[in-house]
Structures are given as structure tokens and as C-alpha cells.
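Visitor: I'm passing along query05.cif; it holds mmCIF, N, CA and C atoms.
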data_final
loop_
_atom_site.label_atom_id
_atom_site.label_comp_id
_atom_site.auth_asym_id
_atom_site.auth_seq_id
_atom_site.Cartn_x
_atom_site.Cartn_y
_atom_site.Cartn_z
N MET A 577 25.80 -24.87 -18.61
CA MET A 577 25.01 -24.46 -17.48
C MET A 577 25.55 -25.19 -16.25
N SER A 578 25.72 -24.44 -15.17
CA SER A 578 26.27 -25.04 -13.96
C SER A 578 25.23 -25.92 -13.28
N GLU A 579 25.74 -26.82 -12.46
CA GLU A 579 24.86 -27.74 -11.72
C GLU A 579 23.97 -26.98 -10.74
N LYS A 580 24.52 -25.98 -10.09
CA LYS A 580 23.74 -25.18 -9.14
C LYS A 580 22.58 -24.48 -9.84
N PHE A 581 22.84 -23.94 -11.03
CA PHE A 581 21.80 -23.26 -11.80
C PHE A 581 20.70 -24.24 -12.19
N ARG A 582 21.07 -25.46 -12.58
CA ARG A 582 20.08 -26.49 -12.92
C ARG A 582 19.22 -26.83 -11.71
N GLN A 583 19.84 -26.91 -10.54
CA GLN A 583 19.09 -27.21 -9.32
C GLN A 583 18.09 -26.09 -9.01
N LEU A 584 18.52 -24.86 -9.18
CA LEU A 584 17.62 -23.73 -8.94
C LEU A 584 16.44 -23.73 -9.90
N LEU A 585 16.70 -24.03 -11.17
CA LEU A 585 15.63 -24.10 -12.15
C LEU A 585 14.66 -25.23 -11.83
N ALA A 586 15.19 -26.37 -11.43
CA ALA A 586 14.34 -27.51 -11.08
C ALA A 586 13.48 -27.19 -9.86
N ALA A 587 14.05 -26.55 -8.88
CA ALA A 587 13.30 -26.17 -7.68
C ALA A 587 12.21 -25.16 -8.01
N ARG A 588 12.50 -24.29 -8.91
CA ARG A 588 11.52 -23.26 -9.31
C ARG A 588 10.34 -23.89 -10.04
N GLU A 589 10.61 -24.89 -10.86
CA GLU A 589 9.54 -25.54 -11.62
C GLU A 589 8.62 -26.36 -10.72
N THR A 590 9.17 -26.97 -9.68
CA THR A 590 8.35 -27.80 -8.80
C THR A 590 7.55 -26.97 -7.82
N ALA A 591 8.11 -25.86 -7.33
CA ALA A 591 7.41 -25.00 -6.37
C ALA A 591 7.64 -23.55 -6.75
N PRO A 592 6.79 -23.02 -7.64
CA PRO A 592 7.01 -21.63 -8.04
C PRO A 592 6.87 -20.68 -6.86
N ALA A 593 7.78 -19.73 -6.80
CA ALA A 593 7.79 -18.77 -5.71
C ALA A 593 6.71 -17.72 -5.92
N THR A 594 6.07 -17.36 -4.84
CA THR A 594 5.09 -16.30 -4.88
C THR A 594 5.75 -15.03 -4.38
N ILE A 595 5.70 -14.02 -5.20
CA ILE A 595 6.30 -12.74 -4.82
C ILE A 595 5.16 -11.81 -4.41
N THR A 596 5.21 -11.38 -3.18
CA THR A 596 4.21 -10.45 -2.68
C THR A 596 4.89 -9.14 -2.33
N PRO A 597 4.74 -8.14 -3.18
CA PRO A 597 5.38 -6.86 -2.87
C PRO A 597 4.64 -6.15 -1.74
N HIS A 598 5.38 -5.38 -0.99
CA HIS A 598 4.81 -4.55 0.06
C HIS A 598 4.61 -3.15 -0.50
N ILE A 599 3.52 -2.53 -0.12
CA ILE A 599 3.21 -1.18 -0.59
C ILE A 599 3.07 -0.28 0.61
N GLY A 600 3.69 0.89 0.52
CA GLY A 600 3.61 1.88 1.59
C GLY A 600 3.18 3.23 1.04
N ILE A 601 2.39 3.92 1.83
CA ILE A 601 1.91 5.24 1.44
C ILE A 601 2.25 6.22 2.55
N VAL A 602 2.90 7.30 2.20
CA VAL A 602 3.13 8.38 3.16
C VAL A 602 2.43 9.62 2.60
N THR A 603 1.58 10.20 3.43
CA THR A 603 0.83 11.40 3.05
C THR A 603 1.32 12.56 3.90
N LEU A 604 1.72 13.63 3.24
CA LEU A 604 2.27 14.80 3.92
C LEU A 604 1.35 15.99 3.71
N GLN A 605 1.01 16.67 4.81
CA GLN A 605 0.22 17.89 4.71
C GLN A 605 1.15 19.06 4.97
N PHE A 606 1.22 19.98 4.02
CA PHE A 606 2.11 21.13 4.09
C PHE A 606 1.32 22.40 4.40
N GLN A 607 1.94 23.31 5.13
CA GLN A 607 1.41 24.65 5.36
C GLN A 607 2.13 25.58 4.41
N LEU A 608 1.39 26.41 3.69
CA LEU A 608 1.99 27.30 2.71
C LEU A 608 1.81 28.75 3.14
N TYR A 609 2.82 29.54 2.88
CA TYR A 609 2.79 30.97 3.18
C TYR A 609 3.18 31.75 1.93
N GLY A 610 2.51 32.88 1.70
CA GLY A 610 2.88 33.77 0.61
C GLY A 610 2.53 33.27 -0.77
N ILE A 611 1.63 32.31 -0.87
CA ILE A 611 1.20 31.81 -2.18
C ILE A 611 0.01 32.63 -2.63
N GLU A 612 0.12 33.23 -3.81
CA GLU A 612 -0.93 34.14 -4.29
C GLU A 612 -1.89 33.50 -5.28
N ASP A 613 -1.46 32.44 -5.96
CA ASP A 613 -2.35 31.78 -6.90
C ASP A 613 -1.95 30.31 -7.06
N LEU A 614 -2.78 29.55 -7.75
CA LEU A 614 -2.52 28.12 -7.91
C LEU A 614 -1.26 27.84 -8.72
N LYS A 615 -0.94 28.72 -9.65
CA LYS A 615 0.28 28.55 -10.45
C LYS A 615 1.52 28.60 -9.54
N ALA A 616 1.55 29.52 -8.60
CA ALA A 616 2.67 29.60 -7.66
C ALA A 616 2.71 28.38 -6.74
N LYS A 617 1.53 27.88 -6.38
CA LYS A 617 1.47 26.68 -5.54
C LYS A 617 2.06 25.49 -6.28
N ARG A 618 1.67 25.31 -7.53
CA ARG A 618 2.20 24.20 -8.33
C ARG A 618 3.71 24.32 -8.50
N LYS A 619 4.18 25.54 -8.70
CA LYS A 619 5.62 25.77 -8.88
C LYS A 619 6.40 25.41 -7.61
N ALA A 620 5.82 25.68 -6.45
CA ALA A 620 6.50 25.37 -5.19
C ALA A 620 6.69 23.86 -5.01
N PHE A 621 5.82 23.08 -5.65
CA PHE A 621 5.89 21.63 -5.50
C PHE A 621 6.40 20.92 -6.75
N THR A 622 7.00 21.66 -7.66
CA THR A 622 7.57 21.06 -8.86
C THR A 622 8.58 19.95 -8.55
N PRO A 623 9.45 20.12 -7.53
CA PRO A 623 10.40 19.03 -7.24
C PRO A 623 9.73 17.72 -6.82
N MET A 624 8.52 17.77 -6.32
CA MET A 624 7.84 16.52 -5.92
C MET A 624 7.75 15.57 -7.10
N ARG A 625 7.32 16.08 -8.22
CA ARG A 625 7.21 15.22 -9.40
C ARG A 625 8.53 15.10 -10.14
N ALA A 626 9.29 16.19 -10.20
CA ALA A 626 10.53 16.18 -10.97
C ALA A 626 11.58 15.26 -10.36
N VAL A 627 11.67 15.22 -9.05
CA VAL A 627 12.70 14.41 -8.39
C VAL A 627 12.17 13.03 -8.05
N TRP A 628 11.13 12.97 -7.22
CA TRP A 628 10.66 11.68 -6.71
C TRP A 628 9.69 11.00 -7.65
N GLY A 629 9.08 11.73 -8.54
CA GLY A 629 8.17 11.13 -9.49
C GLY A 629 8.85 10.30 -10.55
N LYS A 630 10.15 10.43 -10.69
CA LYS A 630 10.91 9.67 -11.69
C LYS A 630 11.60 8.45 -11.11
N GLU A 631 11.47 8.25 -9.81
CA GLU A 631 12.05 7.07 -9.18
C GLU A 631 11.23 5.84 -9.57
N PRO A 632 11.87 4.72 -9.91
CA PRO A 632 11.12 3.55 -10.38
C PRO A 632 10.25 2.88 -9.32
N ASP A 633 10.56 3.10 -8.05
CA ASP A 633 9.79 2.44 -6.99
C ASP A 633 8.80 3.38 -6.30
N LEU A 634 8.63 4.60 -6.84
CA LEU A 634 7.77 5.60 -6.21
C LEU A 634 6.73 6.14 -7.19
N ALA A 635 5.61 6.55 -6.64
CA ALA A 635 4.60 7.32 -7.37
C ALA A 635 4.23 8.50 -6.49
N VAL A 636 4.12 9.67 -7.08
CA VAL A 636 3.89 10.91 -6.34
C VAL A 636 2.68 11.63 -6.94
N ALA A 637 1.79 12.11 -6.05
CA ALA A 637 0.63 12.85 -6.54
C ALA A 637 0.12 13.79 -5.47
N GLU A 638 -0.45 14.91 -5.93
CA GLU A 638 -1.16 15.80 -5.02
C GLU A 638 -2.51 15.15 -4.75
N THR A 639 -2.84 14.94 -3.47
CA THR A 639 -4.03 14.16 -3.13
C THR A 639 -5.07 14.93 -2.33
N GLY A 640 -4.84 16.20 -2.07
CA GLY A 640 -5.83 16.95 -1.32
C GLY A 640 -5.54 18.43 -1.32
N ASP A 641 -6.50 19.21 -0.82
CA ASP A 641 -6.39 20.67 -0.76
C ASP A 641 -6.01 21.25 -2.12
N PHE A 642 -6.66 20.78 -3.17
CA PHE A 642 -6.31 21.17 -4.53
C PHE A 642 -6.45 22.67 -4.79
N GLU A 643 -7.48 23.27 -4.27
CA GLU A 643 -7.76 24.68 -4.54
C GLU A 643 -7.27 25.61 -3.42
N ALA A 644 -6.84 25.05 -2.30
CA ALA A 644 -6.40 25.87 -1.17
C ALA A 644 -5.04 26.50 -1.47
N LEU A 645 -4.89 27.75 -1.08
CA LEU A 645 -3.62 28.44 -1.28
C LEU A 645 -2.74 28.42 -0.03
N ASP A 646 -3.29 27.99 1.08
CA ASP A 646 -2.53 27.98 2.32
C ASP A 646 -2.10 26.59 2.77
N SER A 647 -2.47 25.55 2.01
CA SER A 647 -2.07 24.19 2.38
C SER A 647 -2.03 23.30 1.14
N ALA A 648 -1.34 22.19 1.28
CA ALA A 648 -1.24 21.21 0.20
C ALA A 648 -1.07 19.83 0.83
N VAL A 649 -1.64 18.84 0.19
CA VAL A 649 -1.51 17.46 0.63
C VAL A 649 -0.95 16.65 -0.53
N TRP A 650 0.17 16.00 -0.28
CA TRP A 650 0.82 15.16 -1.29
C TRP A 650 1.02 13.77 -0.72
N SER A 651 0.90 12.76 -1.58
CA SER A 651 1.12 11.38 -1.17
C SER A 651 2.22 10.76 -2.03
N VAL A 652 3.00 9.93 -1.38
CA VAL A 652 4.06 9.17 -2.06
C VAL A 652 3.77 7.70 -1.81
N VAL A 653 3.66 6.94 -2.87
CA VAL A 653 3.43 5.50 -2.78
C VAL A 653 4.73 4.82 -3.18
N ALA A 654 5.15 3.88 -2.35
CA ALA A 654 6.40 3.15 -2.61
C ALA A 654 6.12 1.65 -2.61
N ILE A 655 6.91 0.94 -3.37
CA ILE A 655 6.80 -0.51 -3.41
C ILE A 655 8.16 -1.08 -3.01
N GLY A 656 8.15 -2.16 -2.23
CA GLY A 656 9.40 -2.75 -1.76
C GLY A 656 9.26 -4.24 -1.50
N GLY A 657 10.40 -4.88 -1.34
CA GLY A 657 10.42 -6.32 -1.12
C GLY A 657 9.98 -6.73 0.27
N THR A 658 10.44 -6.01 1.28
CA THR A 658 10.07 -6.31 2.66
C THR A 658 9.56 -5.04 3.33
N SER A 659 8.86 -5.23 4.42
CA SER A 659 8.33 -4.06 5.12
C SER A 659 9.45 -3.22 5.71
N GLN A 660 10.56 -3.83 6.10
CA GLN A 660 11.70 -3.08 6.62
C GLN A 660 12.33 -2.22 5.53
N GLN A 661 12.52 -2.78 4.35
CA GLN A 661 13.06 -2.01 3.23
C GLN A 661 12.13 -0.86 2.87
N LEU A 662 10.85 -1.14 2.89
CA LEU A 662 9.86 -0.14 2.55
C LEU A 662 9.84 1.00 3.57
N THR A 663 9.91 0.66 4.84
CA THR A 663 9.93 1.67 5.89
C THR A 663 11.17 2.54 5.77
N ALA A 664 12.32 1.92 5.51
CA ALA A 664 13.56 2.69 5.35
C ALA A 664 13.48 3.61 4.13
N ARG A 665 12.91 3.12 3.04
CA ARG A 665 12.78 3.94 1.83
C ARG A 665 11.84 5.13 2.07
N LEU A 666 10.72 4.89 2.75
CA LEU A 666 9.80 5.98 3.04
C LEU A 666 10.42 7.00 3.98
N ASP A 667 11.22 6.53 4.95
CA ASP A 667 11.94 7.45 5.84
C ASP A 667 12.88 8.34 5.03
N GLN A 668 13.61 7.73 4.12
CA GLN A 668 14.55 8.46 3.28
C GLN A 668 13.84 9.50 2.42
N VAL A 669 12.75 9.12 1.81
CA VAL A 669 12.01 10.04 0.94
C VAL A 669 11.39 11.17 1.76
N GLU A 670 10.82 10.84 2.90
CA GLU A 670 10.20 11.87 3.74
C GLU A 670 11.23 12.90 4.19
N LYS A 671 12.39 12.43 4.60
CA LYS A 671 13.44 13.35 5.03
C LYS A 671 13.91 14.24 3.88
N ALA A 672 14.07 13.66 2.70
CA ALA A 672 14.51 14.43 1.53
C ALA A 672 13.46 15.46 1.13
N ILE A 673 12.20 15.11 1.22
CA ILE A 673 11.13 16.06 0.89
C ILE A 673 11.15 17.22 1.87
N GLU A 674 11.27 16.93 3.15
CA GLU A 674 11.29 17.99 4.16
C GLU A 674 12.46 18.95 3.95
N GLN A 675 13.58 18.42 3.45
CA GLN A 675 14.75 19.27 3.19
C GLN A 675 14.62 20.06 1.90
N ARG A 676 13.94 19.52 0.91
CA ARG A 676 13.91 20.13 -0.42
C ARG A 676 12.71 21.06 -0.65
N ILE A 677 11.59 20.75 -0.04
CA ILE A 677 10.38 21.56 -0.24
C ILE A 677 10.35 22.67 0.80
N ASP A 678 10.14 23.89 0.33
CA ASP A 678 10.16 25.06 1.21
C ASP A 678 8.77 25.32 1.79
N ALA A 679 8.29 24.37 2.59
CA ALA A 679 7.01 24.50 3.27
C ALA A 679 7.04 23.57 4.48
N PRO A 680 6.59 24.06 5.64
CA PRO A 680 6.59 23.19 6.81
C PRO A 680 5.56 22.07 6.68
N VAL A 681 5.94 20.91 7.20
CA VAL A 681 5.05 19.75 7.19
C VAL A 681 4.24 19.78 8.48
N LEU A 682 2.93 19.83 8.35
CA LEU A 682 2.05 19.86 9.52
C LEU A 682 1.72 18.47 10.03
N GLU A 683 1.51 17.55 9.11
CA GLU A 683 1.08 16.22 9.51
C GLU A 683 1.63 15.19 8.54
N VAL A 684 1.99 14.03 9.07
CA VAL A 684 2.47 12.91 8.26
C VAL A 684 1.64 11.69 8.63
N HIS A 685 1.13 11.03 7.63
CA HIS A 685 0.36 9.80 7.84
C HIS A 685 1.00 8.69 7.00
N ARG A 686 1.25 7.55 7.63
CA ARG A 686 1.84 6.41 6.93
C ARG A 686 0.92 5.22 7.00
N GLU A 687 0.99 4.44 5.93
CA GLU A 687 0.20 3.23 5.87
C GLU A 687 0.98 2.18 5.09
N LEU A 688 1.11 0.99 5.64
CA LEU A 688 1.76 -0.12 4.95
C LEU A 688 0.69 -1.14 4.60
N LEU A 689 0.70 -1.56 3.34
CA LEU A 689 -0.29 -2.54 2.86
C LEU A 689 0.37 -3.87 2.58
#
Would you mind writing the structure in this file as C-alpha cells?
Guide:
Amino acid sequence: MSEKFRQLLAARETAPATITPHIGIVTLQFQLYGIEDLKAKRKAFTPMRAVWGKEPDLAVAETGDFEALDSAVWSVVAIGGTSQQLTARLDQVEKAIEQRIDAPVLEVHRELL
């Protein structure tokens, strides 16, 4: 074991580091056109769960307008080390969603915890 590694272990034992993750939530409200039933609505948003729902730092869920055929509300929760990293990640995800989902975004709400 190297001397530097021993020093790091000793420092960790005397003053354990507190890790405080940052959490960010982006909520997107979509306008839908030409949706005839809830099955078609769910199919239009399949990439939300298929693509971003499998990312280890993200959670994706439909959070509103469950029965409406003309709108949908989805939220993405992200976890990150710093607020800057988290903001950049949410920007990246929001841009990718807008490009991949075939529905205009009416409103975006962000919250950092």
C-alpha cells in the first residue's frame, strides 16, 4: 500500500466525509395532437421510460394529466454531485426529450433540492 493511500485512509477515519447529493426535478408539460385514446398517448411517450428511465442517475414518471388526451405532464428527477453538474445534466436531458418526443413542450418547471 502506498504512503499516499495510507494518508488518505487515516484522514478519512479521523474526519469522515459527508456526501450530500443534489437532486433536481424538471417537469415538462406537453401539448398533444391527434391522440385518440390513452393507449396511443402511452405509446407516444414510450421513449421517456425506454431511454431516460434506464439512466442510473435519472428517474422518469408521468406526473399529471393522466386521463387527458390533449396534454401530458412528465417529470425527470436527477441526482448529481454538484448543482452545476446537475443543471448541466438536466439541460442535456431536456434538450434530448424535446428532440425525441413528438409533442410541443408548453411549460418547463425546474427545482433544485
Visitor: Would you mind reading off the distance between atom CA of Thr658 of chain A and atom CA of Leu688 of chain A, one decimal, in Å?
Guide: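 Rounded to one decimal, the two atoms are 10.6 Å apart.
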Visitor: Between atom CA of Gly657 of chain A and atom CA of Glu579 of chain A, what is the spacing in Å?
Guide: 27.9 Å
Visitor: Pull out every residue that the PyMOL selection byres (((chain A and resi 686 and name CA) around 6) and name CA) matches in the shown coordinates and put them as a PyMOL selection string.
Guide: chain A and resi 601-602+685+687
Visitor: Just give me the gap between atom CA of Ala679 of chain A and atom N of Gly656 of chain A in Å, one decimal is fine.
Guide: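 Distance reported for this atom pair: 27.2 Å.
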Visitor: A:Ala664, A:Ile673, A:Leu689, A:Ala644: which is nearest Lys617 of chain A, counting only N, CA and C atoms?
Guide: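 Smallest distance to Lys617 of chain A is found for A:Ala644.
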Visitor: Taking all atoms of segment 599-604 of chain A that the file lists and extending 5 Å past them on each side, where is the centre of the axis-aligned box and how long are its edges? Answer in Å to one decimal, as lines of an AutoDock Vina configuration file.
Guide:
center_x = 2.3
center_y = 6.7
center_z = 1.7
size_x = 12.9
size_y = 28.5
size_z = 14.5
Visitor: Run through the PyMOL selection byres ((chain A and resi 652) around 6.5) on the given coordinates and return the selected residues as a ChimeraX atom specification.
Guide: /A:600-604,634-637,650-651,653-654
Visitor: Enumerate the residues of segment 577-686 of chain A with a DSSP assignment of strand (DSSP E), computed from the backbone, and present them as JSON, numbers by chain.
Guide: {"A": [598, 599, 600, 601, 602, 603, 604, 605, 606, 607, 634, 635, 636, 637, 638, 639, 640, 647, 648, 649, 650, 651, 652, 653, 654, 655, 656, 681, 682, 683, 684, 685, 686]}
Visitor: Export N, CA and C atoms of the chosen residues as a short mmCIF file (atom, residue, chain, number, x, y, z; two decimals), keeping the file's coordinate frame?
Guide:
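Result saved to selection-v2.cif:
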data_model
loop_
_atom_site.label_atom_id
_atom_site.label_comp_id
_atom_site.auth_asym_id
_atom_site.auth_seq_id
_atom_site.Cartn_x
_atom_site.Cartn_y
_atom_site.Cartn_z
N HIS A 598 5.38 -5.38 -0.99
CA HIS A 598 4.81 -4.55 0.06
C HIS A 598 4.61 -3.15 -0.50
N ILE A 599 3.52 -2.53 -0.12
CA ILE A 599 3.21 -1.18 -0.59
C ILE A 599 3.07 -0.28 0.61
N GLY A 600 3.69 0.89 0.52
CA GLY A 600 3.61 1.88 1.59
C GLY A 600 3.18 3.23 1.04
N ILE A 601 2.39 3.92 1.83
CA ILE A 601 1.91 5.24 1.44
C ILE A 601 2.25 6.22 2.55
N VAL A 602 2.90 7.30 2.20
CA VAL A 602 3.13 8.38 3.16
C VAL A 602 2.43 9.62 2.60
N THR A 603 1.58 10.20 3.43
CA THR A 603 0.83 11.40 3.05
C THR A 603 1.32 12.56 3.90
N LEU A 604 1.72 13.63 3.24
CA LEU A 604 2.27 14.80 3.92
C LEU A 604 1.35 15.99 3.71
N GLN A 605 1.01 16.67 4.81
CA GLN A 605 0.22 17.89 4.71
C GLN A 605 1.15 19.06 4.97
N PHE A 606 1.22 19.98 4.02
CA PHE A 606 2.11 21.13 4.09
C PHE A 606 1.32 22.40 4.40
N GLN A 607 1.94 23.31 5.13
CA GLN A 607 1.41 24.65 5.36
C GLN A 607 2.13 25.58 4.41
N LEU A 634 8.63 4.60 -6.84
CA LEU A 634 7.77 5.60 -6.21
C LEU A 634 6.73 6.14 -7.19
N ALA A 635 5.61 6.55 -6.64
CA ALA A 635 4.60 7.32 -7.37
C ALA A 635 4.23 8.50 -6.49
N VAL A 636 4.12 9.67 -7.08
CA VAL A 636 3.89 10.91 -6.34
C VAL A 636 2.68 11.63 -6.94
N ALA A 637 1.79 12.11 -6.05
CA ALA A 637 0.63 12.85 -6.54
C ALA A 637 0.12 13.79 -5.47
N GLU A 638 -0.45 14.91 -5.93
CA GLU A 638 -1.16 15.80 -5.02
C GLU A 638 -2.51 15.15 -4.75
N THR A 639 -2.84 14.94 -3.47
CA THR A 639 -4.03 14.16 -3.13
C THR A 639 -5.07 14.93 -2.33
N GLY A 640 -4.84 16.20 -2.07
CA GLY A 640 -5.83 16.95 -1.32
C GLY A 640 -5.54 18.43 -1.32
N SER A 647 -2.47 25.55 2.01
CA SER A 647 -2.07 24.19 2.38
C SER A 647 -2.03 23.30 1.14
N ALA A 648 -1.34 22.19 1.28
CA ALA A 648 -1.24 21.21 0.20
C ALA A 648 -1.07 19.83 0.83
N VAL A 649 -1.64 18.84 0.19
CA VAL A 649 -1.51 17.46 0.63
C VAL A 649 -0.95 16.65 -0.53
N TRP A 650 0.17 16.00 -0.28
CA TRP A 650 0.82 15.16 -1.29
C TRP A 650 1.02 13.77 -0.72
N SER A 651 0.90 12.76 -1.58
CA SER A 651 1.12 11.38 -1.17
C SER A 651 2.22 10.76 -2.03
N VAL A 652 3.00 9.93 -1.38
CA VAL A 652 4.06 9.17 -2.06
C VAL A 652 3.77 7.70 -1.81
N VAL A 653 3.66 6.94 -2.87
CA VAL A 653 3.43 5.50 -2.78
C VAL A 653 4.73 4.82 -3.18
N ALA A 654 5.15 3.88 -2.35
CA ALA A 654 6.40 3.15 -2.61
C ALA A 654 6.12 1.65 -2.61
N ILE A 655 6.91 0.94 -3.37
CA ILE A 655 6.80 -0.51 -3.41
C ILE A 655 8.16 -1.08 -3.01
N GLY A 656 8.15 -2.16 -2.23
CA GLY A 656 9.40 -2.75 -1.76
C GLY A 656 9.26 -4.24 -1.50
N VAL A 681 5.94 20.91 7.20
CA VAL A 681 5.05 19.75 7.19
C VAL A 681 4.24 19.78 8.48
N LEU A 682 2.93 19.83 8.35
CA LEU A 682 2.05 19.86 9.52
C LEU A 682 1.72 18.47 10.03
N GLU A 683 1.51 17.55 9.11
CA GLU A 683 1.08 16.22 9.51
C GLU A 683 1.63 15.19 8.54
N VAL A 684 1.99 14.03 9.07
CA VAL A 684 2.47 12.91 8.26
C VAL A 684 1.64 11.69 8.63
N HIS A 685 1.13 11.03 7.63
CA HIS A 685 0.36 9.80 7.84
C HIS A 685 1.00 8.69 7.00
N ARG A 686 1.25 7.55 7.63
CA ARG A 686 1.84 6.41 6.93
C ARG A 686 0.92 5.22 7.00
#
